[in-house]
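Raw contents of target.txt, compact mmCIF, C-alpha atoms:
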```txt
# COMPACT_ATOMS: atom_id res chain seq x y z
CA MET A 1 9.77 -224.25 -99.13
CA LYS A 2 6.96 -222.40 -97.35
CA ILE A 3 3.39 -221.75 -98.54
CA ILE A 4 1.43 -218.84 -97.12
CA THR A 5 -2.18 -218.09 -97.97
CA GLY A 6 -4.04 -214.82 -98.08
CA THR A 7 -7.69 -214.72 -97.07
CA SER A 8 -9.12 -214.61 -100.60
CA ASN A 9 -9.02 -218.36 -101.34
CA ILE A 10 -8.06 -220.42 -98.30
CA PRO A 11 -9.73 -223.66 -99.56
CA LEU A 12 -7.57 -223.65 -102.72
CA ALA A 13 -4.41 -222.94 -100.70
CA LYS A 14 -5.18 -225.90 -98.43
CA GLU A 15 -5.63 -228.17 -101.46
CA VAL A 16 -2.32 -227.01 -102.93
CA ALA A 17 -0.50 -227.57 -99.63
CA GLU A 18 -2.05 -231.03 -99.37
CA TYR A 19 -0.92 -231.87 -102.93
CA ILE A 20 2.66 -230.81 -102.11
CA ASN A 21 2.37 -232.54 -98.74
CA ILE A 22 3.52 -229.64 -96.57
CA PRO A 23 1.50 -227.62 -94.03
CA LEU A 24 0.55 -224.01 -94.64
CA ALA A 25 2.96 -221.65 -92.88
CA ASN A 26 1.66 -219.92 -89.77
CA ALA A 27 0.74 -216.34 -90.61
CA ALA A 28 -1.82 -213.97 -89.10
CA ILE A 29 -3.62 -211.60 -91.46
CA LYS A 30 -5.83 -209.11 -89.65
CA ARG A 31 -7.60 -205.85 -90.27
CA PHE A 32 -7.69 -202.85 -87.99
CA ALA A 33 -10.96 -201.03 -87.28
CA ASP A 34 -10.44 -198.80 -90.34
CA ASP A 35 -9.74 -201.89 -92.54
CA GLU A 36 -5.97 -201.39 -92.70
CA VAL A 37 -4.30 -204.74 -93.39
CA PHE A 38 -1.83 -206.13 -90.84
CA VAL A 39 0.29 -209.24 -91.51
CA GLU A 40 2.47 -211.13 -89.04
CA ILE A 41 4.51 -214.17 -90.06
CA LYS A 42 4.57 -216.37 -86.99
CA GLU A 43 7.42 -218.68 -87.89
CA ASN A 44 10.97 -218.35 -89.15
CA ILE A 45 11.17 -217.96 -92.93
CA ARG A 46 14.74 -216.63 -93.20
CA GLY A 47 16.37 -218.10 -96.30
CA GLU A 48 13.17 -219.92 -97.33
CA ASP A 49 11.58 -220.20 -100.79
CA VAL A 50 8.13 -218.71 -100.06
CA PHE A 51 4.95 -218.92 -102.18
CA ILE A 52 2.01 -216.64 -101.35
CA ILE A 53 -1.34 -217.85 -102.71
CA CYS A 54 -3.67 -214.89 -103.16
CA SER A 55 -6.31 -214.29 -105.84
CA THR A 56 -6.98 -210.59 -106.28
CA SER A 57 -10.70 -211.22 -106.75
CA HIS A 58 -13.59 -209.45 -105.01
CA PRO A 59 -12.94 -207.35 -103.00
CA ALA A 60 -10.12 -206.74 -105.47
CA ASN A 61 -8.52 -203.76 -103.77
CA ASP A 62 -8.50 -205.37 -100.31
CA ASN A 63 -6.98 -208.58 -101.62
CA LEU A 64 -4.38 -206.73 -103.69
CA VAL A 65 -3.23 -204.70 -100.68
CA GLU A 66 -3.18 -207.89 -98.59
CA LEU A 67 -0.84 -209.47 -101.15
CA LEU A 68 1.44 -206.42 -101.22
CA VAL A 69 1.65 -206.17 -97.44
CA THR A 70 2.38 -209.90 -97.13
CA ILE A 71 5.19 -209.62 -99.70
CA ASP A 72 6.66 -206.72 -97.73
CA ALA A 73 6.47 -208.69 -94.47
CA LEU A 74 8.28 -211.63 -96.10
CA LYS A 75 10.94 -209.42 -97.65
CA ARG A 76 11.68 -207.82 -94.27
CA ALA A 77 11.81 -211.29 -92.70
CA SER A 78 14.67 -212.23 -95.09
CA ALA A 79 12.88 -214.79 -97.28
CA LYS A 80 15.28 -216.08 -99.95
CA ARG A 81 12.73 -215.87 -102.78
CA ILE A 82 9.11 -214.69 -102.85
CA THR A 83 6.68 -215.98 -105.48
CA ALA A 84 3.27 -214.34 -105.77
CA VAL A 85 0.87 -217.12 -106.75
CA MET A 86 -2.18 -215.35 -108.20
CA PRO A 87 -4.69 -217.92 -109.50
CA TYR A 88 -6.79 -214.95 -110.62
CA TYR A 89 -4.98 -211.74 -111.62
CA GLY A 90 -7.32 -208.84 -110.86
CA TYR A 91 -7.28 -205.73 -113.09
CA ALA A 92 -6.19 -207.93 -116.04
CA ARG A 93 -9.04 -206.60 -118.18
CA GLN A 94 -7.48 -203.13 -118.02
CA ASP A 95 -4.53 -204.20 -120.15
CA ARG A 96 -4.55 -201.29 -122.65
CA LYS A 97 -5.83 -197.77 -123.10
CA ALA A 98 -9.49 -198.32 -123.97
CA GLY A 99 -10.04 -194.61 -124.56
CA PRO A 100 -8.47 -191.19 -124.06
CA ARG A 101 -7.14 -190.42 -120.56
CA THR A 102 -7.65 -193.96 -119.23
CA PRO A 103 -5.16 -196.07 -117.23
CA ILE A 104 -3.42 -199.33 -118.02
CA SER A 105 -4.15 -200.72 -114.57
CA ALA A 106 -2.80 -204.21 -115.28
CA LYS A 107 0.64 -202.62 -115.73
CA LEU A 108 0.24 -200.57 -112.54
CA VAL A 109 -0.57 -203.74 -110.56
CA ALA A 110 2.52 -205.44 -112.05
CA ASN A 111 4.64 -202.49 -110.92
CA LEU A 112 3.18 -202.63 -107.40
CA ILE A 113 3.88 -206.37 -107.02
CA THR A 114 7.44 -205.99 -108.27
CA THR A 115 8.16 -202.94 -106.13
CA ALA A 116 6.73 -204.65 -103.04
CA GLY A 117 9.48 -207.26 -103.42
CA ALA A 118 8.13 -210.28 -105.31
CA ASP A 119 10.81 -212.22 -107.20
CA ARG A 120 8.44 -214.23 -109.36
CA VAL A 121 4.75 -214.45 -110.33
CA LEU A 122 2.69 -217.57 -111.03
CA THR A 123 -0.81 -217.16 -112.44
CA ILE A 124 -3.41 -218.93 -114.58
CA ASP A 125 -5.06 -217.81 -117.84
CA LEU A 126 -4.23 -214.12 -117.94
CA HIS A 127 -6.91 -212.14 -119.76
CA ALA A 128 -4.22 -210.96 -122.17
CA GLU A 129 -0.95 -212.90 -122.49
CA GLN A 130 1.04 -209.69 -123.08
CA ILE A 131 0.53 -208.87 -119.38
CA GLN A 132 3.51 -211.19 -118.78
CA GLY A 133 5.58 -208.47 -120.43
CA PHE A 134 4.36 -205.90 -117.90
CA PHE A 135 6.58 -207.61 -115.30
CA ASP A 136 10.34 -207.26 -115.08
CA ILE A 137 10.50 -210.49 -113.08
CA PRO A 138 9.89 -214.10 -114.26
CA THR A 139 6.17 -214.71 -114.81
CA ASP A 140 4.57 -218.09 -115.50
CA ASN A 141 1.10 -218.02 -117.04
CA LEU A 142 -0.37 -221.52 -116.77
CA PHE A 143 -3.42 -222.66 -118.75
CA ALA A 144 -6.54 -224.35 -117.40
CA GLY A 145 -6.91 -226.09 -120.78
CA PRO A 146 -5.50 -229.46 -119.61
CA VAL A 147 -7.93 -229.49 -116.66
CA PHE A 148 -10.87 -228.67 -118.91
CA ALA A 149 -9.82 -231.11 -121.65
CA LYS A 150 -9.88 -234.00 -119.20
CA ASP A 151 -13.46 -233.16 -118.19
CA ILE A 152 -14.61 -232.54 -121.79
CA ASN A 153 -13.18 -235.85 -123.03
CA LYS A 154 -15.23 -237.71 -120.41
CA LYS A 155 -18.50 -236.15 -121.55
CA PHE A 156 -18.35 -235.52 -125.30
CA ASP A 157 -17.59 -237.28 -128.56
CA SER A 158 -14.82 -235.34 -130.29
CA ASP A 159 -16.30 -236.13 -133.74
CA ASN A 160 -19.35 -234.02 -132.93
CA LEU A 161 -17.62 -231.31 -130.90
CA VAL A 162 -17.22 -227.62 -131.74
CA ALA A 163 -15.03 -225.33 -129.64
CA VAL A 164 -16.53 -221.84 -129.63
CA SER A 165 -14.68 -218.59 -129.00
CA PRO A 166 -17.02 -215.93 -127.55
CA ASP A 167 -15.10 -213.19 -129.39
CA VAL A 168 -12.24 -212.67 -131.83
CA GLY A 169 -9.78 -212.05 -128.99
CA GLY A 170 -10.22 -215.58 -127.64
CA VAL A 171 -9.59 -217.40 -130.91
CA VAL A 172 -5.99 -218.39 -130.11
CA ARG A 173 -7.01 -219.92 -126.77
CA THR A 174 -9.97 -221.74 -128.34
CA ARG A 175 -7.98 -223.05 -131.31
CA GLY A 176 -5.30 -224.45 -129.01
CA ILE A 177 -7.83 -226.47 -126.99
CA ALA A 178 -9.77 -227.46 -130.13
CA ASN A 179 -6.61 -228.92 -131.70
CA LYS A 180 -5.97 -231.02 -128.60
CA LEU A 181 -9.59 -232.23 -128.51
CA GLY A 182 -9.80 -232.92 -132.22
CA ALA A 183 -12.74 -230.51 -132.47
CA SER A 184 -13.72 -227.95 -135.08
CA ILE A 185 -13.97 -224.26 -134.19
CA ALA A 186 -16.58 -221.49 -134.36
CA ILE A 187 -16.38 -217.80 -133.48
CA ILE A 188 -19.00 -215.46 -132.06
CA ASP A 189 -19.15 -212.07 -133.76
CA LYS A 190 -20.42 -209.69 -131.09
CA ARG A 191 -20.75 -206.00 -130.46
CA ARG A 192 -20.09 -204.59 -126.99
CA SER A 193 -22.03 -201.36 -126.40
CA LYS A 194 -20.49 -200.82 -122.95
CA PRO A 195 -18.65 -202.82 -120.26
CA GLY A 196 -20.73 -205.78 -119.09
CA GLU A 197 -23.17 -205.67 -122.03
CA SER A 198 -22.86 -207.29 -125.45
CA GLU A 199 -25.00 -208.31 -128.39
CA VAL A 200 -24.35 -211.41 -130.49
CA MET A 201 -24.38 -210.47 -134.17
CA ASN A 202 -23.31 -213.60 -136.10
CA ILE A 203 -21.78 -217.04 -135.64
CA VAL A 204 -18.84 -217.90 -137.88
CA GLY A 205 -18.67 -221.66 -138.34
CA ASP A 206 -20.94 -224.70 -138.61
CA VAL A 207 -22.71 -225.52 -135.34
CA ALA A 208 -25.87 -227.28 -136.57
CA GLY A 209 -26.36 -230.60 -134.77
CA LYS A 210 -23.09 -230.14 -132.86
CA ASP A 211 -22.16 -230.20 -129.17
CA CYS A 212 -20.75 -226.72 -128.61
CA ILE A 213 -18.21 -225.83 -125.92
CA ILE A 214 -17.77 -222.11 -125.22
CA LEU A 215 -14.24 -221.45 -123.92
CA ASP A 216 -13.20 -218.23 -122.18
CA ASP A 217 -11.00 -216.92 -119.38
CA ILE A 218 -13.51 -214.84 -117.37
CA ILE A 219 -17.26 -214.97 -116.75
CA ASP A 220 -18.47 -211.84 -114.97
CA SER A 221 -22.09 -210.82 -115.49
CA ALA A 222 -22.62 -213.88 -117.76
CA GLY A 223 -24.39 -211.75 -120.35
CA THR A 224 -22.01 -212.57 -123.22
CA ILE A 225 -21.90 -216.32 -122.49
CA CYS A 226 -25.68 -216.66 -122.09
CA ASN A 227 -26.41 -214.62 -125.22
CA ALA A 228 -23.93 -216.75 -127.15
CA ALA A 229 -25.48 -219.99 -125.86
CA ASN A 230 -28.99 -218.88 -126.83
CA LYS A 231 -27.79 -217.87 -130.31
CA LEU A 232 -26.00 -221.20 -130.82
CA ILE A 233 -29.18 -223.13 -129.96
CA GLU A 234 -31.15 -220.88 -132.33
CA ASP A 235 -28.67 -221.78 -135.07
CA GLY A 236 -29.25 -225.51 -134.54
CA ALA A 237 -26.62 -226.55 -131.98
CA LYS A 238 -27.44 -229.85 -130.27
CA SER A 239 -26.16 -228.65 -126.87
CA VAL A 240 -24.07 -225.82 -125.40
CA ALA A 241 -21.79 -225.98 -122.38
CA ALA A 242 -19.31 -223.34 -121.18
CA TYR A 243 -15.84 -223.89 -119.72
CA ILE A 244 -14.56 -220.67 -118.14
CA THR A 245 -11.41 -220.39 -116.02
CA HIS A 246 -12.30 -217.57 -113.64
CA GLY A 247 -15.81 -217.39 -112.17
CA VAL A 248 -16.10 -213.72 -111.20
CA LEU A 249 -19.91 -214.11 -111.31
CA THR A 250 -21.17 -210.70 -110.20
CA GLY A 251 -24.77 -209.60 -109.70
CA LYS A 252 -27.39 -211.89 -111.25
CA ALA A 253 -24.87 -213.91 -113.27
CA LEU A 254 -25.93 -217.32 -111.98
CA GLU A 255 -29.61 -216.44 -112.37
CA ARG A 256 -28.89 -215.69 -116.05
CA VAL A 257 -27.03 -218.99 -116.38
CA GLU A 258 -29.95 -220.91 -114.89
CA LYS A 259 -32.39 -219.33 -117.37
CA SER A 260 -30.11 -219.66 -120.40
CA SER A 261 -29.68 -222.42 -122.97
CA LEU A 262 -26.46 -223.59 -121.30
CA SER A 263 -26.55 -227.23 -120.25
CA GLU A 264 -23.59 -226.71 -117.90
CA LEU A 265 -21.18 -224.02 -116.73
CA VAL A 266 -17.79 -225.38 -115.65
CA ILE A 267 -15.36 -223.07 -113.83
CA THR A 268 -12.19 -223.59 -111.81
CA ASN A 269 -11.66 -222.74 -108.16
CA SER A 270 -9.21 -219.93 -108.98
CA ILE A 271 -11.78 -217.70 -107.24
CA ASN A 272 -13.53 -218.86 -104.08
CA ILE A 273 -17.25 -218.50 -104.91
CA GLY A 274 -18.40 -219.94 -101.57
CA SER A 275 -22.14 -220.58 -101.31
CA LYS A 276 -22.83 -219.44 -104.91
CA THR A 277 -22.59 -223.07 -106.01
CA SER A 278 -26.11 -223.60 -104.67
CA GLU A 279 -27.65 -220.87 -106.85
CA THR A 280 -27.87 -223.03 -109.98
CA SER A 281 -27.80 -226.74 -110.74
CA LYS A 282 -25.85 -226.01 -113.94
CA LEU A 283 -22.66 -224.95 -112.15
CA LYS A 284 -19.68 -227.31 -111.73
CA VAL A 285 -16.31 -226.41 -110.18
CA VAL A 286 -13.11 -228.27 -111.12
CA SER A 287 -9.92 -227.91 -109.10
CA ILE A 288 -6.68 -226.39 -110.35
CA ALA A 289 -4.86 -227.31 -107.12
CA PRO A 290 -2.86 -230.19 -108.72
CA LEU A 291 -1.81 -227.87 -111.58
CA LEU A 292 -0.71 -225.09 -109.21
CA GLY A 293 0.86 -227.53 -106.77
CA GLU A 294 2.94 -229.21 -109.47
CA ALA A 295 4.10 -225.80 -110.79
CA ILE A 296 5.10 -224.68 -107.28
CA LYS A 297 7.05 -227.91 -106.71
CA ARG A 298 8.92 -227.53 -109.99
CA ILE A 299 9.71 -223.86 -109.43
CA SER A 300 11.08 -224.64 -105.97
CA GLU A 301 13.16 -227.54 -107.34
CA GLU A 302 14.38 -225.34 -110.25
CA SER A 303 13.02 -227.88 -112.76
CA SER A 304 11.07 -227.29 -115.99
CA VAL A 305 7.49 -226.03 -115.91
CA SER A 306 7.06 -226.30 -119.70
CA SER A 307 5.44 -229.74 -119.71
CA LEU A 308 2.52 -228.38 -117.65
CA PHE A 309 1.42 -226.47 -120.75
CA GLU A 310 0.97 -229.71 -122.69
CA PHE A 311 -2.17 -231.87 -122.72
```

I need this file expressed as structure tokens, please.
Amino acid sequence: MKIITGTSNIPLAKEVAEYINIPLANAAIKRFADDEVFVEIKENIRGEDVFIICSTSHPANDNLVELLVTIDALKRASAKRITAVMPYYGYARQDRKAGPRTPISAKLVANLITTAGADRVLTIDLHAEQIQGFFDIPTDNLFAGPVFAKDINKKFDSDNLVAVSPDVGGVVRTRGIANKLGASIAIIDKRRSKPGESEVMNIVGDVAGKDCIILDDIIDSAGTICNAANKLIEDGAKSVAAYITHGVLTGKALERVEKSSLSELVITNSINIGSKTSETSKLKVVSIAPLLGEAIKRISEESSVSSLFEF
């Protein structure tokens, strides 16, 4: 087995390699003066089972091309099997036609990865689970739920806990974690006027005097999460924390979090946010390296990955 990392999330790749107890493979990823990506694999990978760890986060296009070029380099170097490990799958929010004459970019990205030569994809918390069906190659969509549940159980009493879905689309994810935590569930009824902006209309469920946990897959501008937290407190919630898998955190997102009613924002390290951790005292990052590392080991050993979905 060989593990290669792109440049998008080197710290996570190092953690995964440490968990599996193998060194990262020697590969040089450079950019020419015009930002063309150049990849050179500096060791023999003929006949190897190769895993490329690359989140297609900001800058999404650069990191996507980097992944595609690396896959091509490995294919031409006669790797036995190539698995694209994408802790964060960029373009996942474009999973359907949102209006006339608009693309389904999540499907286009799936086509690009497959055509480049990937044999398998491993990712975490896809924005829409049907994206697995966009691939014609095996695709494992892991959940950050077990990682979050461990942290939540340390901090909260399940008898007073409410798992909150920030919209109707996230109810299935929220109910699954709520069942494991022994918590009740509430749903935010919101209206989105345009991308990145939303207005909380109503809260469906009893939150008065409860510790509320907002669960979602992506936090971008933080507008939805902060509005939801403020509304929950207005409706009598005792406290509100948010557990979000992918911390995209664009613009003034962390400033909004700092000023909001959130007691804590917990994200995973699926995206490398670098120095942003210092922008608010409310931010905590938990590692998904053991989850990814265990999945990679099992895929390489041709053993079952199913138990990783249980918690």

**Prompt:** Skipping near chain neighbours, those fewer than 3 positions away, what residues fall within 9 Å of range 211-215 of chain A using all atoms listed in the file, listed as number ranges by chain?
**Reply:** A: 152, 156-157, 160-166, 170, 173-174, 177, 186, 207-208, 225, 228-229, 232, 237-245

**Prompt:** So which residues are close to (-5.0, -213.4, -98.1), meaning at most 8 Å away in the file's coordinates with all atoms listed in the file counted, and can you show them as number ranges by chain?
**Reply:** A: 5-10, 29, 53-55, 63, 66-67

**Message:** Give me the residues near Asp95 in chain A as a ChimeraX atom specification, where near means some atom within 8 Å (using all atoms listed in the file) and where sequence neighbours in that chain fewer than 3 positions away do not count.
**Reply:** /A:91-92,104-107,128,131

**Request:** Rank nothing, just name the residue among A:Lys210, A:Thr70, A:Val172, A:Asp34 nearest to Ser184 in chain A, using only C-alpha atoms.
**Result:** A:Lys210

Select, counting all atoms listed in the file, all protein, DNA and RNA residues no farther than 9 Å from (-25.3, -219.5, -108.1) in file coordinates, and express the selection as a CSV table (one decimal) with C-alpha atoms, in the coordinates of the input.
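After the write, part.csv holds the following:
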```csv
chain,number,residue,atom,x,y,z
A,249,LEU,CA,-19.9,-214.1,-111.3
A,252,LYS,CA,-27.4,-211.9,-111.2
A,253,ALA,CA,-24.9,-213.9,-113.3
A,254,LEU,CA,-25.9,-217.3,-112.0
A,255,GLU,CA,-29.6,-216.4,-112.4
A,257,VAL,CA,-27.0,-219.0,-116.4
A,258,GLU,CA,-30.0,-220.9,-114.9
A,273,ILE,CA,-17.2,-218.5,-104.9
A,275,SER,CA,-22.1,-220.6,-101.3
A,276,LYS,CA,-22.8,-219.4,-104.9
A,277,THR,CA,-22.6,-223.1,-106.0
A,278,SER,CA,-26.1,-223.6,-104.7
A,279,GLU,CA,-27.6,-220.9,-106.8
A,280,THR,CA,-27.9,-223.0,-110.0
A,281,SER,CA,-27.8,-226.7,-110.7
A,282,LYS,CA,-25.8,-226.0,-113.9
A,283,LEU,CA,-22.7,-225.0,-112.2
```

Quick one: range 27-45 of chain A with N, CA and C atoms, as a PDB file, in the first residue's frame?
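New file part-v4.pdb:
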```
ATOM      1  N   ALA A  27       6.342  12.130  -3.449  1.00  0.00           N
ATOM      2  CA  ALA A  27       5.782  12.702  -4.679  1.00  0.00           C
ATOM      3  C   ALA A  27       5.993  14.215  -4.660  1.00  0.00           C
ATOM      4  N   ALA A  28       6.316  14.758  -5.816  1.00  0.00           N
ATOM      5  CA  ALA A  28       6.508  16.210  -5.940  1.00  0.00           C
ATOM      6  C   ALA A  28       5.340  16.793  -6.724  1.00  0.00           C
ATOM      7  N   ILE A  29       4.648  17.746  -6.085  1.00  0.00           N
ATOM      8  CA  ILE A  29       3.544  18.440  -6.753  1.00  0.00           C
ATOM      9  C   ILE A  29       3.926  19.910  -6.864  1.00  0.00           C
ATOM     10  N   LYS A  30       4.092  20.363  -8.093  1.00  0.00           N
ATOM     11  CA  LYS A  30       4.554  21.728  -8.329  1.00  0.00           C
ATOM     12  C   LYS A  30       3.601  22.457  -9.255  1.00  0.00           C
ATOM     13  N   ARG A  31       3.806  23.761  -9.346  1.00  0.00           N
ATOM     14  CA  ARG A  31       3.044  24.572 -10.287  1.00  0.00           C
ATOM     15  C   ARG A  31       3.983  25.407 -11.134  1.00  0.00           C
ATOM     16  N   PHE A  32       3.711  25.408 -12.437  1.00  0.00           N
ATOM     17  CA  PHE A  32       4.498  26.245 -13.333  1.00  0.00           C
ATOM     18  C   PHE A  32       4.100  27.707 -13.127  1.00  0.00           C
ATOM     19  N   ALA A  33       4.792  28.605 -13.809  1.00  0.00           N
ATOM     20  CA  ALA A  33       4.553  30.040 -13.638  1.00  0.00           C
ATOM     21  C   ALA A  33       3.110  30.436 -13.952  1.00  0.00           C
ATOM     22  N   ASP A  34       2.466  29.689 -14.848  1.00  0.00           N
ATOM     23  CA  ASP A  34       1.072  30.011 -15.205  1.00  0.00           C
ATOM     24  C   ASP A  34       0.077  29.192 -14.388  1.00  0.00           C
ATOM     25  N   ASP A  35       0.562  28.558 -13.294  1.00  0.00           N
ATOM     26  CA  ASP A  35      -0.246  27.762 -12.361  1.00  0.00           C
ATOM     27  C   ASP A  35      -0.670  26.392 -12.891  1.00  0.00           C
ATOM     28  N   GLU A  36      -0.101  25.950 -14.007  1.00  0.00           N
ATOM     29  CA  GLU A  36      -0.326  24.564 -14.416  1.00  0.00           C
ATOM     30  C   GLU A  36       0.234  23.630 -13.342  1.00  0.00           C
ATOM     31  N   VAL A  37      -0.491  22.533 -13.087  1.00  0.00           N
ATOM     32  CA  VAL A  37      -0.068  21.572 -12.075  1.00  0.00           C
ATOM     33  C   VAL A  37       0.855  20.523 -12.697  1.00  0.00           C
ATOM     34  N   PHE A  38       1.950  20.222 -12.014  1.00  0.00           N
ATOM     35  CA  PHE A  38       2.880  19.185 -12.454  1.00  0.00           C
ATOM     36  C   PHE A  38       3.103  18.227 -11.291  1.00  0.00           C
ATOM     37  N   VAL A  39       2.965  16.927 -11.561  1.00  0.00           N
ATOM     38  CA  VAL A  39       3.123  15.901 -10.526  1.00  0.00           C
ATOM     39  C   VAL A  39       4.180  14.895 -10.962  1.00  0.00           C
ATOM     40  N   GLU A  40       5.085  14.575 -10.056  1.00  0.00           N
ATOM     41  CA  GLU A  40       6.093  13.548 -10.316  1.00  0.00           C
ATOM     42  C   GLU A  40       6.151  12.600  -9.127  1.00  0.00           C
ATOM     43  N   ILE A  41       5.891  11.318  -9.384  1.00  0.00           N
ATOM     44  CA  ILE A  41       5.976  10.298  -8.347  1.00  0.00           C
ATOM     45  C   ILE A  41       7.429   9.834  -8.284  1.00  0.00           C
ATOM     46  N   LYS A  42       8.057  10.037  -7.142  1.00  0.00           N
ATOM     47  CA  LYS A  42       9.499   9.823  -7.055  1.00  0.00           C
ATOM     48  C   LYS A  42       9.903   8.475  -6.460  1.00  0.00           C
ATOM     49  N   GLU A  43       9.000   7.519  -6.502  1.00  0.00           N
ATOM     50  CA  GLU A  43       9.355   6.163  -6.102  1.00  0.00           C
ATOM     51  C   GLU A  43       8.515   5.179  -6.894  1.00  0.00           C
ATOM     52  N   ASN A  44       8.935   3.933  -6.902  1.00  0.00           N
ATOM     53  CA  ASN A  44       8.251   2.919  -7.699  1.00  0.00           C
ATOM     54  C   ASN A  44       6.895   2.570  -7.080  1.00  0.00           C
ATOM     55  N   ILE A  45       5.831   2.689  -7.874  1.00  0.00           N
ATOM     56  CA  ILE A  45       4.505   2.314  -7.369  1.00  0.00           C
ATOM     57  C   ILE A  45       3.849   1.270  -8.290  1.00  0.00           C
TER      58      ILE A  45
END
```
